[in-house]
Amino acid sequence: MKPLIGVINLDHELEELKELTYFRCGAAVPYAGRYRLIDFVLSNMMNAGIESIGVFVRRKYRSLMDHLGDGKPWDLDRKHGGMFILPPDWNDPTDTSQGDLQHFHNNLDFFRRGSGQYVVHAGSRHVTKADLQDVYRYHMSKGADVTLVCKKVDKLLPEHDACVKVEDDGNGNVVDIHQSADHPNIYTEIFIMEKELFLRQVQRCIAHGESHFFRDVIQKNPDGLNIAAYAYDGYHAVINSIDSYYRNSLELLNSGLYEQLFKEQPVQTKIKYEAPAKYLDSAEVKHSLLANGCIVGGEVEDSILFRGVHVAKGAKIKGSIIMQKCYIGEGAVLENVILDKDVKLSGGQTLIGDPSNPYILAKSTII
Amino acid sequence: MAKKEVVAMLLAGGQGKRLKGLTKSLAKPAVYFGGTYRIIDFPLSNCSNSGIDTVGVLTQYEPLVLHSYIGIGSDWDLDRKNGGVYVLPPHEREDGSSWYRGTADAIYRNLNFIEQFDPEHVLILSGDHIYKMDYEKMLQYHKEKDADCTISVIDVPLEEASRFGLLNTHDDYRIYEFEEKPPEPKSTLASMGIYLFKWDVLKRFLIQDEQQASTSYDFGKDIIPLLLENEKSLYAYPFEGYWKDVGTIHSLWESNMDLLDEETPFNLNDPDWRIYTRNPNQPAQYISPSAKVRNCIISEGSVVHGEVKHSVLFYGIEVGENSSVTDSVIMPKVKIGQNVRIHKAIIAEGLVIPDGVHLSPAPEDESDILLVDQEELERQLLEGMTSKA
């Protein structure tokens, strides 16, 4: 029997990335040249052999659904189990539940039918390569009710402010959960819990008129659950602002991080059929990530180019993130810029942002 | 099975001896091309883009990679309930068994496969050419001419014509003669190895040919002459566009190099005619601060620290610091160390090139291409060591 059932909970995720989340939820935001943020958690679940995954979505999920399809890239197109995209569905007029608890309550069938005994919960804002099988083994060895996956960061960054922090006793037993700005042990929004306990807690909280599983069950911990902390030490980025999106993206150009994120297990994503990137004789490219389908005639430095980007001769791009199928015309100059998908820039345009405040153009802008 | 207008039969059993080390344990259609593809992607994508959804792939030589690569055909949109892709290896029957003895024999032994779809026409393709072609247009032409057989032809330069099977036609492209590699060519219309037959005619002649003692079971040598002898109506379908038989190391290299021209005669980036392939799912390629990449094609998952010029790099490749790759084709997952020089070479999949190695053709055959497989690499390393000692 497969022990784990996956829950990707996007219920509380805010659309914090300005123009990038005008038309999509945060989980569908493109990242690292060819992925969407949700690919990382899905791939972690896939690599842990999880065969039944519920994706709890609330808003702006059209592009997310388009991306996820039938779950085939993550091996989730199954006869038994597979991927379930679960949008809100409020049909019961007597239903008084709210928040993600309502969401879980309304989808009890997903939990009941999934064969796993343990729930692995995750969001999409924390990009990790967490080995969820290892977390499960740890959870079992600790005999805990809940195990939280935590990352101790060397340096606190602005994006860590909004994160929940976990204090343990040095032996992996959680003694406090809070949100103080100066604590370095970050909760990654990944936890493991026995399914029956999870569902009992959902029912209990609903009866008490509560709305937020993590806050009301785990953080407040009214039932005195035994909570363990798992120390994760791999790649970790929190994407909850344009600043953190831009900074963490470009950090991947420091090859150590690129290798941490991609070396051991591949990250799966929706399949596209693009030709390999083509560099013309006039191309000058360094210190950059490029995906397939790009055609480069100009200069590209310290930048990330997603699939199918065209950079005409004489264009200069520096410190920028250019998403899928953008066209950068001849002689255009871009510095510290984020272009969302399908932006077309005619020749001769100059767009210069500040590294601490990059200039963003929303999807399909034409100038 | 529901009736189909056309069933395509793709001949993919060839060994491709002239590709030497590349086909040691790989059928020729599975050989890599163009940074992310295998040769068979081109006919399969052509079928998919032409709206042909029923394709039999005839395999024989080293079929493992080919079979697992094709899978259920979903990458080419050929995973269908009615039709789709079928891999057809030789099989034993009541009257005994043998390998496919030729192209015509391979089709003959799969008459039952074709028969289930009760098609009007059968399209015969080969798995060793690089080209983009709308078979739908060829079918239109075939129907307009009410031909029993239509053969796709390409105009080749007169001086090269004697390398090909040539078709001599009347002004209306009706074929009156077929000559296999004639020393003195009468025409420049070379057969591309793409045949479209009326199924009832093909079936009859396949059965007839199979009973002849002298046959070599080959379309070009036997079936086409037999059809001509019997005064069937055969037409040449002139194809314009890029077409390359990548049967030799040199032509495989040359065809890869053709992709590098700025105005390439063969565009892989055409959104209206995608070439589908099994996606290796690799991260975006990393071009380091020390890298120089010019006039080249590089695929995802590659990490480049050195210089790459006028070359095709497949996926998952590493090019170390101070190394240079020029005029070369590097197959998937090759690791190139530091201070390596690679010039005019094809490096086979997965090789590890140690630091400081120089690989290029011997000066006396500068026009030729050095094929580096495991054996050749070991030979070169040994030679390097003895020359230093």
# chains A, B, ... in the order shown; residues from 1 in each chain; ligands from 1
>>> interface_residues(of="chain B", to="chain A", cutoff="8 Å", atoms="only C-alpha atoms", output="PyMOL selection string")
chain B and resi 35-36+260+262+268-269+274-277+279+281-300
>>> residues_around(residues="A:Gln179", least_positions_apart="5", cutoff="7 Å", atoms="only C-alpha atoms", output="list in words")
Cys163, Val164 and Lys165 of chain A
>>> select_by_dssp(residues="stretch 122-298 of chain A", states="strand (DSSP E)", output="VMD selection string")
chain A and resid 122 126 to 128 146 to 152 165 to 168 174 to 178 185 to 194 227 to 232 236 to 238 277 to 279 284 to 286 288 to 290 295 to 296
>>> residues_around(residues="stretch 234-240 of chain A", least_positions_apart="5", cutoff="10 Å", atoms="only C-alpha atoms", output="PyMOL selection string")
chain A and resi 13-17+26-27+29+31+37+124-131+151-153+157-160+162-163+186+188+245-249+251+256-262
>>> residues_around(residues="B:Tyr69", least_positions_apart="4", cutoff="9 Å", atoms="only C-alpha atoms", output="PDB file with all heavy atoms, in the first residue's frame")
ATOM      1  N   ALA B  30      16.889   5.582 -35.238  1.00  0.00           N
ATOM      2  CA  ALA B  30      16.989   6.063 -33.861  1.00  0.00           C
ATOM      3  C   ALA B  30      18.225   6.933 -33.645  1.00  0.00           C
ATOM      4  O   ALA B  30      18.461   7.422 -32.541  1.00  0.00           O
ATOM      5  CB  ALA B  30      17.008   4.884 -32.891  1.00  0.00           C
ATOM      6  N   LEU B  64      15.366  -2.385 -29.676  1.00  0.00           N
ATOM      7  CA  LEU B  64      15.020  -2.018 -28.298  1.00  0.00           C
ATOM      8  C   LEU B  64      14.810  -0.506 -28.118  1.00  0.00           C
ATOM      9  O   LEU B  64      13.763  -0.055 -27.659  1.00  0.00           O
ATOM     10  CB  LEU B  64      16.095  -2.516 -27.319  1.00  0.00           C
ATOM     11  CG  LEU B  64      15.920  -2.039 -25.889  1.00  0.00           C
ATOM     12  CD1 LEU B  64      14.647  -2.591 -25.279  1.00  0.00           C
ATOM     13  CD2 LEU B  64      17.117  -2.403 -25.029  1.00  0.00           C
ATOM     14  N   VAL B  65      15.818   0.276 -28.521  1.00  0.00           N
ATOM     15  CA  VAL B  65      15.736   1.722 -28.316  1.00  0.00           C
ATOM     16  C   VAL B  65      14.567   2.303 -29.102  1.00  0.00           C
ATOM     17  O   VAL B  65      13.785   3.107 -28.593  1.00  0.00           O
ATOM     18  CB  VAL B  65      17.061   2.410 -28.727  1.00  0.00           C
ATOM     19  CG1 VAL B  65      16.922   3.921 -28.708  1.00  0.00           C
ATOM     20  CG2 VAL B  65      18.183   1.969 -27.802  1.00  0.00           C
ATOM     21  N   GLY B  73       3.308   6.197 -28.836  1.00  0.00           N
ATOM     22  CA  GLY B  73       3.198   7.228 -29.868  1.00  0.00           C
ATOM     23  C   GLY B  73       2.634   8.551 -29.397  1.00  0.00           C
ATOM     24  O   GLY B  73       2.357   9.439 -30.209  1.00  0.00           O
ATOM     25  N   ARG B 278      10.531  12.758 -28.280  1.00  0.00           N
ATOM     26  CA  ARG B 278      10.353  12.438 -26.867  1.00  0.00           C
ATOM     27  C   ARG B 278      11.160  13.440 -26.053  1.00  0.00           C
ATOM     28  O   ARG B 278      12.368  13.559 -26.214  1.00  0.00           O
ATOM     29  CB  ARG B 278      10.805  11.018 -26.574  1.00  0.00           C
ATOM     30  CG  ARG B 278      10.671  10.699 -25.105  1.00  0.00           C
ATOM     31  CD  ARG B 278      10.569   9.230 -24.860  1.00  0.00           C
ATOM     32  NE  ARG B 278       9.252   8.744 -25.218  1.00  0.00           N
ATOM     33  CZ  ARG B 278       8.799   7.546 -24.844  1.00  0.00           C
ATOM     34  NH1 ARG B 278       9.567   6.748 -24.138  1.00  0.00           N
ATOM     35  NH2 ARG B 278       7.593   7.173 -25.191  1.00  0.00           N
TER      36      ARG B 278
END
>>> residues_around(residues="A:Gly319", least_positions_apart="5", cutoff="8 Å", atoms="only C-alpha atoms", output="compact mmCIF listing (two decimals) with N, CA, C and O atoms, in the first residue's frame")
# COMPACT_ATOMS: atom_id res chain seq x y z
N LEU A 250 17.49 35.06 -10.42
CA LEU A 250 18.82 35.36 -10.94
C LEU A 250 19.92 34.70 -10.11
O LEU A 250 21.01 34.45 -10.62
N GLU A 301 23.14 38.92 -21.04
CA GLU A 301 24.06 38.75 -19.92
C GLU A 301 23.27 38.73 -18.62
O GLU A 301 22.30 39.47 -18.46
N ASP A 302 23.65 37.90 -17.68
CA ASP A 302 23.04 37.82 -16.34
C ASP A 302 21.51 37.71 -16.43
O ASP A 302 20.80 38.34 -15.66
N SER A 303 21.02 36.90 -17.33
CA SER A 303 19.57 36.90 -17.59
C SER A 303 19.02 35.49 -17.72
O SER A 303 19.77 34.53 -17.85
N GLU A 335 17.32 46.35 -19.24
CA GLU A 335 18.16 46.13 -18.07
C GLU A 335 17.27 46.03 -16.85
O GLU A 335 16.42 46.90 -16.63
N ASN A 336 17.46 44.98 -16.05
CA ASN A 336 16.67 44.77 -14.85
C ASN A 336 15.16 44.84 -15.15
O ASN A 336 14.43 45.61 -14.56
N VAL A 337 14.76 43.99 -16.07
CA VAL A 337 13.38 44.01 -16.54
C VAL A 337 12.80 42.61 -16.41
O VAL A 337 13.52 41.62 -16.54
N PRO A 355 17.71 47.13 -9.98
CA PRO A 355 17.79 45.76 -9.47
C PRO A 355 16.88 45.54 -8.26
O PRO A 355 16.37 44.43 -8.06
>>> select_by_dssp(residues="stretch 225-358 of chain B", states="helix (DSSP H, G or I)", output="count of residues only")
15
>>> closest_residue(among="B:Gly71, B:Tyr237, B:Asp118, B:Ala161", to="B:Glu144", atoms="only C-alpha atoms")
B:Tyr237
>>> residues_around(residues="stretch 187-195 of chain B", least_positions_apart="4", cutoff="8 Å", atoms="only C-alpha atoms", output="JSON, numbers by chain")
{"B": [123, 124, 125, 126, 149, 150, 151, 152, 153, 154, 155, 156, 157, 158, 161, 164, 165, 166, 167, 168]}
>>> write_last_selection(atoms="all heavy atoms", output="compact mmCIF listing (two decimals), in the first residue's frame")
# COMPACT_ATOMS: atom_id res chain seq x y z
N LEU B 123 0.85 4.48 -47.86
CA LEU B 123 2.00 5.36 -48.01
C LEU B 123 3.22 4.64 -47.44
O LEU B 123 3.21 4.23 -46.28
CB LEU B 123 1.74 6.66 -47.24
CG LEU B 123 2.85 7.70 -47.18
CD1 LEU B 123 3.13 8.28 -48.56
CD2 LEU B 123 2.46 8.82 -46.22
N ILE B 124 4.24 4.47 -48.27
CA ILE B 124 5.46 3.79 -47.80
C ILE B 124 6.53 4.85 -47.53
O ILE B 124 6.84 5.67 -48.40
CB ILE B 124 5.99 2.80 -48.88
CG1 ILE B 124 4.89 1.87 -49.39
CG2 ILE B 124 7.20 2.03 -48.33
CD1 ILE B 124 4.41 0.82 -48.45
N LEU B 125 7.08 4.83 -46.33
CA LEU B 125 8.07 5.84 -45.94
C LEU B 125 9.32 5.15 -45.44
O LEU B 125 9.26 4.01 -45.01
CB LEU B 125 7.52 6.70 -44.79
CG LEU B 125 6.22 7.42 -45.04
CD1 LEU B 125 5.68 7.99 -43.73
CD2 LEU B 125 6.42 8.52 -46.06
N SER B 126 10.42 5.88 -45.46
CA SER B 126 11.60 5.28 -44.85
C SER B 126 12.06 6.14 -43.69
O SER B 126 11.78 7.34 -43.63
CB SER B 126 12.71 5.09 -45.88
OG SER B 126 13.32 6.30 -46.13
N CYS B 149 0.37 4.36 -58.51
CA CYS B 149 1.51 4.60 -57.62
C CYS B 149 2.08 5.98 -57.88
O CYS B 149 2.26 6.36 -59.04
CB CYS B 149 2.58 3.53 -57.87
SG CYS B 149 4.13 3.87 -57.03
N THR B 150 2.33 6.71 -56.82
CA THR B 150 2.97 8.02 -56.96
C THR B 150 4.26 7.98 -56.16
O THR B 150 4.27 7.51 -55.01
CB THR B 150 2.05 9.14 -56.44
OG1 THR B 150 0.83 9.10 -57.17
CG2 THR B 150 2.69 10.50 -56.60
N ILE B 151 5.33 8.43 -56.81
CA ILE B 151 6.64 8.39 -56.15
C ILE B 151 7.12 9.83 -55.98
O ILE B 151 7.16 10.60 -56.94
CB ILE B 151 7.67 7.60 -56.99
CG1 ILE B 151 7.15 6.17 -57.23
CG2 ILE B 151 9.02 7.57 -56.30
CD1 ILE B 151 8.01 5.35 -58.15
N SER B 152 7.46 10.17 -54.78
CA SER B 152 7.94 11.52 -54.53
C SER B 152 9.37 11.65 -55.04
O SER B 152 10.21 10.79 -54.77
CB SER B 152 7.88 11.77 -53.02
OG SER B 152 8.27 13.07 -52.77
N VAL B 153 9.62 12.72 -55.79
CA VAL B 153 10.95 12.90 -56.37
C VAL B 153 11.50 14.28 -56.07
O VAL B 153 10.77 15.23 -55.82
CB VAL B 153 10.94 12.73 -57.92
CG1 VAL B 153 10.60 11.31 -58.29
CG2 VAL B 153 10.00 13.72 -58.57
N ILE B 154 12.80 14.35 -56.06
CA ILE B 154 13.46 15.63 -55.86
C ILE B 154 14.48 15.82 -56.97
O ILE B 154 15.11 14.86 -57.42
CB ILE B 154 14.09 15.70 -54.45
CG1 ILE B 154 14.53 17.11 -54.13
CG2 ILE B 154 15.23 14.70 -54.26
CD1 ILE B 154 14.58 17.40 -52.65
N ASP B 155 14.58 17.05 -57.42
CA ASP B 155 15.50 17.37 -58.51
C ASP B 155 16.91 17.45 -57.93
O ASP B 155 17.16 18.24 -57.03
CB ASP B 155 15.10 18.74 -59.09
CG ASP B 155 15.43 18.83 -60.56
OD1 ASP B 155 15.83 17.80 -61.13
OD2 ASP B 155 15.29 19.94 -61.12
N VAL B 156 17.80 16.61 -58.44
CA VAL B 156 19.18 16.64 -57.93
C VAL B 156 20.11 17.15 -59.03
O VAL B 156 19.76 17.08 -60.21
CB VAL B 156 19.64 15.24 -57.46
CG1 VAL B 156 18.87 14.80 -56.23
CG2 VAL B 156 19.54 14.22 -58.57
N PRO B 157 21.28 17.68 -58.65
CA PRO B 157 22.22 18.13 -59.68
C PRO B 157 22.64 16.96 -60.58
O PRO B 157 22.82 15.83 -60.09
CB PRO B 157 23.43 18.63 -58.86
CG PRO B 157 22.93 18.81 -57.47
CD PRO B 157 21.78 17.89 -57.29
N LEU B 158 22.80 17.22 -61.85
CA LEU B 158 23.09 16.16 -62.82
C LEU B 158 24.33 15.36 -62.44
O LEU B 158 24.36 14.14 -62.56
CB LEU B 158 23.24 16.77 -64.23
CG LEU B 158 23.43 15.78 -65.37
CD1 LEU B 158 22.20 14.88 -65.52
CD2 LEU B 158 23.72 16.50 -66.69
N ALA B 161 23.48 12.79 -59.93
CA ALA B 161 22.27 11.99 -60.19
C ALA B 161 22.52 10.49 -60.15
O ALA B 161 21.66 9.72 -59.73
CB ALA B 161 21.66 12.40 -61.52
N PHE B 164 21.57 8.08 -57.24
CA PHE B 164 20.18 7.87 -56.82
C PHE B 164 19.43 6.90 -57.72
O PHE B 164 19.90 6.57 -58.81
CB PHE B 164 19.42 9.20 -56.83
CG PHE B 164 19.96 10.22 -55.86
CD1 PHE B 164 20.95 11.12 -56.23
CD2 PHE B 164 19.49 10.26 -54.55
CE1 PHE B 164 21.44 12.05 -55.33
CE2 PHE B 164 19.98 11.19 -53.65
CZ PHE B 164 20.96 12.08 -54.05
N GLY B 165 18.26 6.50 -57.26
CA GLY B 165 17.31 5.82 -58.14
C GLY B 165 16.60 6.91 -58.94
O GLY B 165 15.99 7.81 -58.35
N LEU B 166 16.71 6.86 -60.27
CA LEU B 166 16.17 7.96 -61.08
C LEU B 166 14.91 7.55 -61.83
O LEU B 166 14.77 6.40 -62.26
CB LEU B 166 17.22 8.43 -62.08
CG LEU B 166 18.48 9.04 -61.49
CD1 LEU B 166 19.41 9.47 -62.59
CD2 LEU B 166 18.15 10.21 -60.58
N LEU B 167 14.00 8.51 -61.96
CA LEU B 167 12.75 8.25 -62.66
C LEU B 167 12.73 9.04 -63.95
O LEU B 167 12.96 10.24 -63.95
CB LEU B 167 11.58 8.66 -61.78
CG LEU B 167 11.50 7.85 -60.49
CD1 LEU B 167 10.64 8.55 -59.47
CD2 LEU B 167 10.99 6.46 -60.77
N ASN B 168 12.49 8.34 -65.03
CA ASN B 168 12.34 9.02 -66.31
C ASN B 168 10.86 9.16 -66.60
O ASN B 168 10.11 8.19 -66.56
CB ASN B 168 13.04 8.22 -67.41
CG ASN B 168 14.54 8.07 -67.11
OD1 ASN B 168 15.18 9.04 -66.69
ND2 ASN B 168 15.06 6.87 -67.28
>>> atom_distance(atom1="atom CA of A:Tyr187", atom2="atom CA of A:Val57")
21.0 Å
>>> residues_around(residues="A:Val174", least_positions_apart="4", cutoff="7 Å", atoms="only C-alpha atoms", output="ChimeraX atom specification")
/A:166-169,227-229
>>> atom_distance(atom1="atom CA of A:Met323", atom2="atom CA of B:Ser302")
19.5 Å
